[in-house]
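Heads up: the structure comes next, in structure tokens.
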Amino acid sequence: MKDRKPLIGITGDYIKVRDVMPASAAYEVYSRAVNNGARGLPWIIPPLGPDLDLDAIVDRLDGIVFTGARSNVQPHHYDGGPPPDNNPEDPARDSTTLPLVPKVLARGVPMLCICRGMQELNVALGGTLHQEIHKVPEKRDHRAADHLTPDQKFAPVHHVRIEPGGVLAKLAPGTEFQVNSVHGQGIDQLSKKLHVEARADDNVIEAVSVDGSKGFALGVQWHPEWDFVQHPLYHAIWDAFGAACRKYHDR
């Protein structure tokens, strides 16, 4: 009998199709990375908030990806100040992912948190965010220009330094890598439950892990779902996450 692939959840965003019909969506690159990089079965988790049985979701999954998104976590979730003008928000997603994080950790389901997903991880565990990191003294602008094509936006643009002795140090075939950067927000106060795994050249936290986690629990600020076949660090992350999901499935 052929081995069953692990079922891996992908957090979805609330969108409106043609500005009319509500829908749940996740970018295709995440489904492809789960399917081809982690070698699992992708399953999109709709942002239904309190209407969604999160415990049943966790019961069924062998892993979960907290995805990046255009929207930002609403600042009232971490006692932040007023948001910038035209701040893209997704309260339906916030009400789904923020309570989902501790349930996933409590069960030990493998989790990979990407960009907004890493910020959700930090906020769900008591941390805070910079709402406009490019306005913080001595920090670079980590956003990508709107006029660029997707391939240009997600091309590597700055270095990250892997911290010794952590999860990434065991996975990464090196200590410094160039990664992409498309985020306007970032970690300010790090949750006491998180450990820094990598920093950018301006000292911005670029990767974290969960101290004492029961399972694989990694967050990265960049987007490893892009070019994961060729990029050695991206490939290593998806390979390790997929292995953790298969181990969880087979336990």
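Chain labels run A, B, ... following the order of the structure tokens; each chain numbers its residues from 1, and ligands are numbered from 1 in the order shown.
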#### Entry: DSSP strand (DSSP E) residues within stretch 85-226 of chain A, as an MDAnalysis selection string
chainID A and resid 111:114 129:130 158:162 176:179 186:187 194:200 205:210 217:220
Write the residues of the selection above to a file with C-alpha atoms, as a compact mmCIF listing (two decimals), in the first residue's frame.
```txt
# COMPACT_ATOMS: atom_id res chain seq x y z
CA MET A 111 4.19 24.58 11.91
CA LEU A 112 5.97 26.86 9.47
CA CYS A 113 5.13 30.56 9.82
CA ILE A 114 5.96 32.85 6.90
CA LEU A 129 5.20 44.57 16.08
CA HIS A 130 6.71 47.59 14.38
CA HIS A 158 19.59 41.33 1.48
CA HIS A 159 21.58 39.03 3.73
CA VAL A 160 20.46 37.24 6.85
CA ARG A 161 22.82 35.83 9.45
CA ILE A 162 21.89 32.48 11.01
CA GLU A 176 24.71 33.72 5.76
CA PHE A 177 22.19 33.80 2.92
CA GLN A 178 20.54 36.31 0.66
CA VAL A 179 16.76 36.29 1.01
CA GLY A 186 8.32 43.27 11.70
CA ILE A 187 8.90 42.11 15.24
CA LEU A 194 10.41 32.66 21.07
CA HIS A 195 14.09 32.31 20.22
CA VAL A 196 15.85 34.36 17.53
CA GLU A 197 17.08 32.16 14.69
CA ALA A 198 18.32 34.78 12.21
CA ARG A 199 18.75 38.54 11.79
CA ALA A 200 19.04 40.86 8.82
CA ILE A 205 14.63 39.70 13.45
CA GLU A 206 14.21 37.52 10.37
CA ALA A 207 13.56 34.08 11.86
CA VAL A 208 12.37 32.61 15.16
CA SER A 209 11.66 29.27 16.78
CA VAL A 210 9.47 28.35 19.76
CA ALA A 217 7.89 25.31 15.01
CA LEU A 218 9.77 27.80 12.84
CA GLY A 219 8.94 31.31 11.67
CA VAL A 220 10.72 33.22 8.90
```
Would you write out, as CSV, a table of all residues in stretch 131-151 of chain A that have an atom no more than 12 Å from an atom of stretch 82-94 of chain A, listing for each the closest atom pair and the distance in Å to one decimal, considering only C-alpha atoms and ordering rows by chain and rising residue number?
```
residue,atom,partner,partner_atom,distance
A:Gln131,CA,A:Pro83,CA,7.1
A:Glu132,CA,A:Pro84,CA,8.0
A:Ile133,CA,A:Pro84,CA,11.8
A:Lys135,CA,A:Pro84,CA,11.6
```
### Task
For atom CA of A:Ala144 and atom CA of A:Asn72, determine how far apart the two atoms are, in Å to one decimal place.
15.5 Å
### Task
Go ahead and compute the interatomic distance for atom CA of A:Pro6 and atom CA of A:Lys193, in Å to one decimal.
27.2 Å
### Selected residue of minimal separation from A:Ala236 among A:Gly127, A:Gly37, A:Pro137, A:Gly12, counting only C-alpha atoms
A:Gly37
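Distances here use only C-alpha atoms; by that measure, the residue among A:Phe154, A:Lys214, A:Arg32, A:Asp146 closest to A:Ala244 is A:Lys214.
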Taking the DSSP secondary structure from the backbone, can you list the residues of stretch 29-241 of chain A that are alpha helix (DSSP H), as an mmCIF file with N, CA and C atoms, in the first residue's frame?
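Result saved to part_7.cif:
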```
data_model
loop_
_atom_site.group_PDB
_atom_site.id
_atom_site.type_symbol
_atom_site.label_atom_id
_atom_site.label_comp_id
_atom_site.auth_asym_id
_atom_site.auth_seq_id
_atom_site.Cartn_x
_atom_site.Cartn_y
_atom_site.Cartn_z
ATOM 1 N N VAL A 29 1.540 29.783 -4.763
ATOM 2 C CA VAL A 29 2.920 29.386 -4.444
ATOM 3 C C VAL A 29 2.981 28.582 -3.147
ATOM 4 N N TYR A 30 2.065 28.857 -2.209
ATOM 5 C CA TYR A 30 2.062 28.081 -0.962
ATOM 6 C C TYR A 30 1.601 26.647 -1.202
ATOM 7 N N SER A 31 0.573 26.490 -2.009
ATOM 8 C CA SER A 31 0.099 25.140 -2.323
ATOM 9 C C SER A 31 1.169 24.346 -3.054
ATOM 10 N N ARG A 32 1.867 24.994 -3.966
ATOM 11 C CA ARG A 32 2.930 24.295 -4.708
ATOM 12 C C ARG A 32 4.106 23.936 -3.800
ATOM 13 N N LEU A 54 -11.663 25.035 15.536
ATOM 14 C CA LEU A 54 -10.203 24.977 15.453
ATOM 15 C C LEU A 54 -9.646 23.682 16.041
ATOM 16 N N ASP A 55 -10.285 23.168 17.076
ATOM 17 C CA ASP A 55 -9.815 21.912 17.663
ATOM 18 C C ASP A 55 -9.945 20.767 16.661
ATOM 19 N N ALA A 56 -11.043 20.754 15.906
ATOM 20 C CA ALA A 56 -11.226 19.724 14.886
ATOM 21 C C ALA A 56 -10.200 19.883 13.764
ATOM 22 N N ILE A 57 -9.873 21.138 13.434
ATOM 23 C CA ILE A 57 -8.844 21.392 12.421
ATOM 24 C C ILE A 57 -7.518 20.784 12.865
ATOM 25 N N VAL A 58 -7.135 21.078 14.086
ATOM 26 C CA VAL A 58 -5.859 20.579 14.610
ATOM 27 C C VAL A 58 -5.865 19.051 14.684
ATOM 28 N N ASP A 59 -7.014 18.477 15.006
ATOM 29 C CA ASP A 59 -7.129 17.015 15.062
ATOM 30 C C ASP A 59 -6.801 16.367 13.720
ATOM 31 N N ARG A 60 -7.189 17.014 12.627
ATOM 32 C CA ARG A 60 -7.069 16.413 11.298
ATOM 33 C C ARG A 60 -5.709 16.638 10.651
ATOM 34 N N PRO A 91 -9.504 41.236 9.589
ATOM 35 C CA PRO A 91 -9.945 40.799 10.914
ATOM 36 C C PRO A 91 -10.454 39.366 10.936
ATOM 37 N N ALA A 92 -11.004 38.883 9.819
ATOM 38 C CA ALA A 92 -11.465 37.493 9.772
ATOM 39 C C ALA A 92 -10.284 36.544 9.921
ATOM 40 N N ARG A 93 -9.178 36.873 9.286
ATOM 41 C CA ARG A 93 -7.982 36.039 9.428
ATOM 42 C C ARG A 93 -7.413 36.143 10.848
ATOM 43 N N ASP A 94 -7.327 37.361 11.382
ATOM 44 C CA ASP A 94 -6.827 37.521 12.751
ATOM 45 C C ASP A 94 -7.611 36.654 13.734
ATOM 46 N N SER A 95 -8.942 36.644 13.586
ATOM 47 C CA SER A 95 -9.791 35.910 14.528
ATOM 48 C C SER A 95 -9.698 34.404 14.328
ATOM 49 N N THR A 96 -9.038 33.985 13.253
ATOM 50 C CA THR A 96 -8.833 32.557 13.006
ATOM 51 C C THR A 96 -7.432 32.121 13.403
ATOM 52 N N THR A 97 -6.425 32.850 12.930
ATOM 53 C CA THR A 97 -5.042 32.410 13.118
ATOM 54 C C THR A 97 -4.507 32.656 14.529
ATOM 55 N N LEU A 98 -4.861 33.787 15.131
ATOM 56 C CA LEU A 98 -4.293 34.083 16.447
ATOM 57 C C LEU A 98 -4.708 33.059 17.507
ATOM 58 N N PRO A 99 -5.974 32.634 17.570
ATOM 59 C CA PRO A 99 -6.316 31.567 18.513
ATOM 60 C C PRO A 99 -5.855 30.186 18.046
ATOM 61 N N LEU A 100 -5.566 30.045 16.753
ATOM 62 C CA LEU A 100 -5.115 28.753 16.243
ATOM 63 C C LEU A 100 -3.676 28.452 16.658
ATOM 64 N N VAL A 101 -2.842 29.481 16.726
ATOM 65 C CA VAL A 101 -1.418 29.285 17.052
ATOM 66 C C VAL A 101 -1.217 28.492 18.342
ATOM 67 N N PRO A 102 -1.784 28.914 19.482
ATOM 68 C CA PRO A 102 -1.539 28.149 20.716
ATOM 69 C C PRO A 102 -2.092 26.733 20.679
ATOM 70 N N LYS A 103 -3.166 26.501 19.931
ATOM 71 C CA LYS A 103 -3.712 25.148 19.817
ATOM 72 C C LYS A 103 -2.750 24.241 19.048
ATOM 73 N N VAL A 104 -2.157 24.772 18.002
ATOM 74 C CA VAL A 104 -1.186 23.999 17.218
ATOM 75 C C VAL A 104 0.038 23.671 18.075
ATOM 76 N N LEU A 105 0.515 24.640 18.818
ATOM 77 C CA LEU A 105 1.694 24.426 19.665
ATOM 78 C C LEU A 105 1.394 23.427 20.791
ATOM 79 N N ALA A 106 0.225 23.529 21.373
ATOM 80 C CA ALA A 106 -0.133 22.625 22.468
ATOM 81 C C ALA A 106 -0.174 21.184 22.009
ATOM 82 N N ARG A 107 -0.577 20.974 20.758
ATOM 83 C CA ARG A 107 -0.677 19.614 20.224
ATOM 84 C C ARG A 107 0.645 19.114 19.649
ATOM 85 N N ARG A 116 3.739 37.362 7.385
ATOM 86 C CA ARG A 116 2.642 37.672 8.306
ATOM 87 C C ARG A 116 2.462 36.546 9.305
ATOM 88 N N GLY A 117 2.678 35.321 8.859
ATOM 89 C CA GLY A 117 2.548 34.174 9.742
ATOM 90 C C GLY A 117 3.506 34.232 10.918
ATOM 91 N N MET A 118 4.749 34.699 10.688
ATOM 92 C CA MET A 118 5.697 34.840 11.785
ATOM 93 C C MET A 118 5.252 35.950 12.726
ATOM 94 N N GLN A 119 4.697 37.015 12.165
ATOM 95 C CA GLN A 119 4.187 38.099 12.997
ATOM 96 C C GLN A 119 2.991 37.633 13.825
ATOM 97 N N GLU A 120 2.138 36.806 13.241
ATOM 98 C CA GLU A 120 1.017 36.232 13.983
ATOM 99 C C GLU A 120 1.529 35.372 15.138
ATOM 100 N N LEU A 121 2.560 34.589 14.880
ATOM 101 C CA LEU A 121 3.152 33.737 15.916
ATOM 102 C C LEU A 121 3.616 34.590 17.086
ATOM 103 N N ASN A 122 4.321 35.685 16.798
ATOM 104 C CA ASN A 122 4.835 36.551 17.853
ATOM 105 C C ASN A 122 3.705 37.214 18.630
ATOM 106 N N VAL A 123 2.699 37.724 17.917
ATOM 107 C CA VAL A 123 1.580 38.398 18.586
ATOM 108 C C VAL A 123 0.755 37.417 19.412
ATOM 109 N N ALA A 124 0.489 36.233 18.857
ATOM 110 C CA ALA A 124 -0.303 35.233 19.577
ATOM 111 C C ALA A 124 0.360 34.811 20.877
ATOM 112 N N PRO A 150 6.163 40.042 -9.861
ATOM 113 C CA PRO A 150 6.303 39.123 -8.726
ATOM 114 C C PRO A 150 7.696 38.492 -8.639
ATOM 115 N N ASP A 151 8.255 38.064 -9.755
ATOM 116 C CA ASP A 151 9.591 37.465 -9.715
ATOM 117 C C ASP A 151 10.639 38.463 -9.240
ATOM 118 N N GLN A 152 10.488 39.723 -9.617
ATOM 119 C CA GLN A 152 11.424 40.749 -9.160
ATOM 120 C C GLN A 152 11.226 41.053 -7.677
ATOM 121 N N LYS A 153 9.968 41.110 -7.249
ATOM 122 C CA LYS A 153 9.685 41.401 -5.842
ATOM 123 C C LYS A 153 10.255 40.332 -4.916
ATOM 124 N N VAL A 167 17.536 26.065 15.494
ATOM 125 C CA VAL A 167 16.909 25.152 14.539
ATOM 126 C C VAL A 167 17.477 25.355 13.141
ATOM 127 N N LEU A 168 17.540 26.624 12.706
ATOM 128 C CA LEU A 168 18.033 26.904 11.357
ATOM 129 C C LEU A 168 19.489 26.513 11.188
ATOM 130 N N ALA A 169 20.282 26.693 12.234
ATOM 131 C CA ALA A 169 21.696 26.344 12.141
ATOM 132 C C ALA A 169 21.890 24.861 11.842
ATOM 133 N N LYS A 170 20.948 24.043 12.301
ATOM 134 C CA LYS A 170 21.033 22.605 12.047
ATOM 135 C C LYS A 170 20.579 22.253 10.634
ATOM 136 N N LEU A 171 19.762 23.128 10.038
ATOM 137 C CA LEU A 171 19.220 22.864 8.708
ATOM 138 C C LEU A 171 20.017 23.522 7.604
ATOM 139 N N PRO A 232 19.216 27.099 -1.621
ATOM 140 C CA PRO A 232 19.560 26.032 -0.655
ATOM 141 C C PRO A 232 18.889 26.173 0.708
ATOM 142 N N LEU A 233 18.730 27.409 1.196
ATOM 143 C CA LEU A 233 18.090 27.592 2.503
ATOM 144 C C LEU A 233 16.589 27.326 2.409
ATOM 145 N N TYR A 234 15.943 27.855 1.383
ATOM 146 C CA TYR A 234 14.510 27.631 1.208
ATOM 147 C C TYR A 234 14.218 26.136 1.080
ATOM 148 N N HIS A 235 15.034 25.470 0.280
ATOM 149 C CA HIS A 235 14.856 24.032 0.066
ATOM 150 C C HIS A 235 14.992 23.272 1.384
ATOM 151 N N ALA A 236 16.010 23.634 2.170
ATOM 152 C CA ALA A 236 16.248 22.947 3.440
ATOM 153 C C ALA A 236 15.071 23.126 4.401
ATOM 154 N N ILE A 237 14.469 24.311 4.402
ATOM 155 C CA ILE A 237 13.336 24.580 5.295
ATOM 156 C C ILE A 237 12.140 23.711 4.920
ATOM 157 N N TRP A 238 11.772 23.680 3.643
ATOM 158 C CA TRP A 238 10.619 22.874 3.227
ATOM 159 C C TRP A 238 10.872 21.387 3.409
ATOM 160 N N ASP A 239 12.102 20.972 3.176
ATOM 161 C CA ASP A 239 12.435 19.558 3.343
ATOM 162 C C ASP A 239 12.295 19.141 4.807
ATOM 163 N N ALA A 240 12.805 19.977 5.716
ATOM 164 C CA ALA A 240 12.721 19.664 7.144
ATOM 165 C C ALA A 240 11.290 19.727 7.653
ATOM 166 N N PHE A 241 10.540 20.716 7.191
ATOM 167 C CA PHE A 241 9.133 20.833 7.590
ATOM 168 C C PHE A 241 8.345 19.627 7.094
#
```
### Message
Can you pull out the residues contacting A:Val34? Cut-off 8 Å, using only C-alpha atoms, and skip same-chain residues under 6 positions away; I want them as a ChimeraX atom specification.
### Response
/A:8,40-42,238,242
Grab the residues selected above and save them as a compact mmCIF listing (two decimals), in the first residue's frame with C-alpha atoms.
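Generated file (result_38.txt):
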```txt
# COMPACT_ATOMS: atom_id res chain seq x y z
CA ILE A 8 -0.87 20.17 5.61
CA GLY A 40 2.31 16.89 1.46
CA LEU A 41 -1.33 17.42 0.57
CA PRO A 42 -2.27 21.13 0.71
CA TRP A 238 10.62 22.87 3.23
CA GLY A 242 7.85 18.07 5.31
```
### Task
Excluding A:Lys16 and residues on its chain fewer than 6 positions from it, collect all residues at most 12 Å away from it, counting only C-alpha atoms, and give them as a list in words.
Pro22, Ala23, Ser24, Ala25 and Asp90 of chain A
### Query
Given the choices A:Val20, A:Val157, A:Val229, A:Cys245, which gets closest to A:Ile64 if the distance is worked out from only C-alpha atoms?
A:Cys245
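Across the model, the gap from atom CA of A:Ile10 to atom CA of A:Gln185 is 21.2 Å.
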#### Entry: Nearest to A:Asn203, chosen from A:Gly108, A:Phe228, A:Thr11, A:Arg140, with only C-alpha atoms counted in the distances
A:Arg140
